[in-house]
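Heads up, entry13.tsv below (TSV, C-alpha atoms):
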```
chain	number	residue	atom	x	y	z
A	155	MET	CA	82.10	163.11	77.12
A	156	SER	CA	81.98	161.87	73.54
A	157	ARG	CA	80.72	163.86	70.58
A	158	VAL	CA	79.42	162.58	67.25
A	159	THR	CA	78.47	164.67	64.23
A	160	ALA	CA	77.13	163.68	60.83
A	161	VAL	CA	75.78	165.61	57.83
A	162	ILE	CA	73.70	164.55	54.84
A	163	ASP	CA	71.85	166.26	51.98
A	164	ILE	CA	68.28	165.08	51.43
A	165	ASP	CA	66.36	165.76	48.21
A	166	ALA	CA	63.29	167.18	49.98
A	167	PRO	CA	62.50	170.58	51.47
A	168	PRO	CA	63.15	171.15	55.20
A	169	ARG	CA	59.43	171.01	56.10
A	170	GLU	CA	59.14	167.47	54.71
A	171	VAL	CA	62.24	166.33	56.59
A	172	TRP	CA	60.95	168.01	59.76
A	173	SER	CA	57.61	166.20	59.58
A	174	VAL	CA	59.42	162.85	59.62
A	175	VAL	CA	62.06	163.56	62.27
A	176	MET	CA	59.55	165.04	64.73
A	177	ASP	CA	57.07	162.16	64.39
A	178	PRO	CA	57.82	159.70	67.22
A	179	ASP	CA	55.87	156.97	65.45
A	180	ARG	CA	58.35	157.04	62.54
A	181	LEU	CA	61.58	156.69	64.54
A	182	GLY	CA	61.74	152.96	63.82
A	183	GLU	CA	61.82	153.69	60.10
A	184	TRP	CA	65.16	155.52	60.20
A	185	VAL	CA	66.94	155.48	63.60
A	186	SER	CA	69.19	152.43	63.50
A	187	ILE	CA	69.38	151.83	67.27
A	188	HIS	CA	65.68	152.57	67.95
A	189	ARG	CA	63.56	149.72	69.29
A	190	ASP	CA	60.38	151.29	70.69
A	191	VAL	CA	58.61	154.48	71.75
A	192	GLU	CA	57.26	153.76	75.20
A	193	ASP	CA	55.62	157.16	75.66
A	194	ALA	CA	55.42	160.45	73.78
A	195	SER	CA	53.68	163.51	75.18
A	196	HIS	CA	52.84	165.04	71.77
A	197	ARG	CA	52.52	164.03	68.14
A	198	PRO	CA	54.27	165.70	66.42
A	199	LEU	CA	56.91	166.52	69.00
A	200	ARG	CA	57.47	170.19	69.83
A	201	ALA	CA	59.35	172.32	72.37
A	202	GLY	CA	58.65	170.89	75.82
A	203	SER	CA	57.59	167.45	74.53
A	204	THR	CA	58.87	164.36	76.28
A	205	LEU	CA	59.64	160.98	74.77
A	206	GLU	CA	60.56	157.69	76.42
A	207	GLN	CA	62.51	155.56	73.98
A	208	LYS	CA	63.99	152.07	74.07
A	209	LEU	CA	67.31	151.87	72.22
A	210	CYS	CA	69.78	149.04	71.60
A	211	LEU	CA	73.58	149.08	71.25
A	212	ARG	CA	75.65	145.92	70.89
A	213	GLY	CA	72.62	143.80	71.72
A	214	VAL	CA	71.87	145.61	74.98
A	215	ASN	CA	68.55	147.41	75.35
A	216	PHE	CA	68.37	150.59	77.41
A	217	HIS	CA	65.86	153.37	77.98
A	218	VAL	CA	66.29	157.11	77.48
A	219	ARG	CA	63.87	159.82	78.55
A	220	TRP	CA	64.14	162.76	76.14
A	221	LYS	CA	62.86	166.30	76.41
A	222	VAL	CA	62.67	168.59	73.39
A	223	ALA	CA	64.53	171.58	74.82
A	224	GLN	CA	64.14	173.71	71.67
A	225	ALA	CA	62.18	173.42	68.46
A	226	ARG	CA	62.07	175.85	65.57
A	227	GLU	CA	59.95	174.27	62.88
A	228	ALA	CA	61.93	173.04	59.89
A	229	GLU	CA	65.16	174.53	61.34
A	230	LEU	CA	66.28	173.19	64.72
A	231	ALA	CA	65.43	170.56	67.30
A	232	VAL	CA	67.46	170.22	70.49
A	233	TRP	CA	66.98	167.20	72.72
A	234	ASP	CA	68.20	166.54	76.25
A	235	GLY	CA	68.21	162.91	77.34
A	236	ARG	CA	68.68	160.96	80.53
A	237	GLY	CA	69.64	157.33	80.33
A	238	PRO	CA	70.65	154.53	82.65
A	239	ALA	CA	72.90	155.17	85.66
A	240	ARG	CA	72.68	158.96	85.28
A	241	SER	CA	74.08	158.99	81.77
A	242	ARG	CA	73.10	162.03	79.71
A	243	ALA	CA	72.85	162.94	76.06
A	244	HIS	CA	72.41	166.20	74.21
A	245	THR	CA	71.32	165.94	70.58
A	246	ALA	CA	70.62	168.58	67.95
A	247	TYR	CA	69.13	168.43	64.46
A	248	HIS	CA	69.95	171.41	62.22
A	249	LEU	CA	67.95	171.67	58.99
A	250	ARG	CA	68.89	174.19	56.32
A	251	PRO	CA	67.96	174.63	52.66
A	252	ASN	CA	70.87	173.28	50.60
A	253	GLY	CA	70.34	175.55	47.57
A	254	ASN	CA	69.06	172.71	45.37
A	255	GLY	CA	65.53	172.57	46.75
A	256	GLY	CA	66.61	170.04	49.36
A	257	THR	CA	67.79	169.99	52.94
A	258	ARG	CA	71.18	169.86	54.58
A	259	PHE	CA	70.57	167.83	57.75
A	260	GLU	CA	73.23	168.16	60.41
A	261	TYR	CA	73.15	165.84	63.41
A	262	GLU	CA	75.19	166.20	66.57
A	263	ASN	CA	75.16	164.17	69.75
A	264	GLU	CA	77.11	164.61	72.95
A	265	PHE	CA	77.04	161.72	75.38
A	266	LYS	CA	78.14	161.89	78.99
A	267	PRO	CA	78.53	158.43	80.51
A	268	PRO	CA	77.96	157.78	84.19
A	269	LEU	CA	80.83	157.53	86.67
A	270	GLY	CA	82.99	160.37	85.33
A	271	PRO	CA	86.38	159.50	83.76
A	272	LEU	CA	86.10	155.82	84.66
A	273	GLY	CA	82.72	155.62	82.94
A	274	ALA	CA	84.10	157.43	79.88
A	275	LEU	CA	86.93	154.90	79.61
A	276	ALA	CA	84.55	151.96	79.96
A	277	SER	CA	82.14	153.48	77.45
A	278	HIS	CA	84.91	153.95	74.87
A	279	ALA	CA	86.10	150.37	75.38
A	280	LEU	CA	82.57	148.99	74.93
A	281	VAL	CA	81.28	151.03	72.01
A	282	GLY	CA	84.43	152.33	70.28
A	283	GLY	CA	83.54	153.85	66.89
A	284	LEU	CA	80.00	152.46	66.96
A	285	PRO	CA	78.23	155.82	67.58
A	286	GLU	CA	79.79	157.36	64.45
A	287	ARG	CA	78.81	154.37	62.31
A	288	GLU	CA	75.28	154.35	63.72
A	289	ALA	CA	74.88	158.10	63.11
A	290	LYS	CA	75.91	157.70	59.47
A	291	THR	CA	73.63	154.68	59.03
A	292	THR	CA	70.73	156.54	60.63
A	293	LEU	CA	71.10	159.57	58.34
A	294	SER	CA	71.41	157.32	55.28
A	295	ASN	CA	68.19	155.59	56.37
A	296	LEU	CA	66.47	158.97	56.74
A	297	LYS	CA	67.60	160.09	53.29
A	298	ARG	CA	66.45	156.83	51.68
A	299	LEU	CA	63.09	156.95	53.50
A	300	ILE	CA	62.25	160.52	52.55
A	301	GLU	CA	63.52	160.38	48.98
A	302	ARG	CA	61.79	157.03	48.33
A	303	ASP	CA	58.47	157.79	49.98
A	304	GLY	CA	58.35	161.56	49.70
A	305	ARG	CA	57.50	161.44	53.46
```

Before we go any further, please render this structure as structure tokens.
Amino acid sequence: MSRVTAVIDIDAPPREVWSVVMDPDRLGEWVSIHRDVEDASHRPLRAGSTLEQKLCLRGVNFHVRWKVAQAREAELAVWDGRGPARSRAHTAYHLRPNGNGGTRFEYENEFKPPLGPLGALASHALVGGLPEREAKTTLSNLKRLIERDGR
């Protein structure tokens, strides 16, 4: 299993950040590996919502079916995902006031590749440090989007 974390401060209150990150129609504006939302059960997403998403890493498209396992408005979203070949992902967004009127946005993702240890080795060889770079790029995109547009 691989784990990626990233943190960024955004000059907007948590409710504004929440409204963007829980809107499936806005994923393409900030998630660097996002290609398409193929289905979303709710807009905005909430606890129990499902989302089918097309993503792309190293030029290869793949599909993930997400379920919002937990959602506390403007505080926490926890996602469980199932991808190709029984791969799994667990993602969490933590939003907290940063003391300056803005939001500290903490992102964490745990990915479990298919095929146990052999799959983990292959996954590391194929993607290397890419997930960390993509997480940082994604959060920078989110910050730029919200601070530029105000939502």

Neighbour list for Pro198 of chain A as a list in words, cut-off 10 Å, all atoms listed in the file, skip fewer than 4 positions in-chain: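 After dropping sequence-adjacent residues, the list is Trp172, Ser173, Val174, Val175, Met176, Asp177, Pro178, Asp179, Ala194 and Ser203 of chain A.
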
Separation of atom CA of Val158 of chain A from atom CA of Gly256 of chain A in Å: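 It comes out at 23.2 Å.
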
Exercise: segment 212-219 of chain A partners within 6 Å, all atoms listed in the file, chain neighbours under 2 positions left out, as a list in words: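 The contact residues come out as Leu205, Glu206, Gln207, Lys208, Leu209, Cys210, Gly235, Arg236 and Gly237 of chain A.
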
Among listed residues A:Arg157, A:Ala166, A:Gly202, A:Gln224, nearest Arg298 of chain A (using all atoms listed in the file):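 Of all the options, A:Ala166 lies closest to Arg298 of chain A.
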
Which residue of A:Glu264, A:Glu288, A:Glu229, A:Asp234 approaches Pro167 of chain A most closely, using all atoms listed in the file: A:Glu229

Residue neighbourhood His248 of chain A, 12 Å, only C-alpha atoms, exclusion window fewer than 2 positions, as JSON, numbers by chain: {"A": [159, 160, 161, 162, 163, 168, 171, 172, 175, 224, 225, 226, 227, 228, 229, 230, 231, 232, 233, 245, 246, 250, 251, 252, 257, 258, 259, 260, 261, 262, 263]}

A:Asp165, A:Glu192, A:Lys297, A:Arg287 ranked by distance to Asn254 of chain A, top pick (using only C-alpha atoms): A:Asp165

Between atom CA of Tyr247 of chain A and atom CA of Trp184 of chain A, distance in Å (one decimal):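 So the answer is 14.2 Å.
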
Separation of atom CA of Ile300 of chain A from atom CA of Glu170 of chain A in Å: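 According to the coordinates, atom CA of Glu170 of chain A and atom CA of Ile300 of chain A are separated by 7.9 Å.
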
Nearest to Val222 of chain A, chosen from A:Arg302, A:Arg200, A:Arg242, A:Arg180, with all atoms listed in the file counted in the distances: A:Arg200

Given all atoms listed in the file as the counted atoms, nearest of A:Ser156, A:Ala201, A:Ser195, A:Arg169 to Gly255 of chain A: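 Going through A:Ser156, A:Ala201, A:Ser195, A:Arg169 one by one, the smallest distance to Gly255 of chain A is for A:Arg169.
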
Selected residue of minimal separation from Lys221 of chain A among A:Lys290, A:Lys266, A:His196, A:His188, counting only C-alpha atoms: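 Selected residue with least distance to Lys221 of chain A: A:His196.
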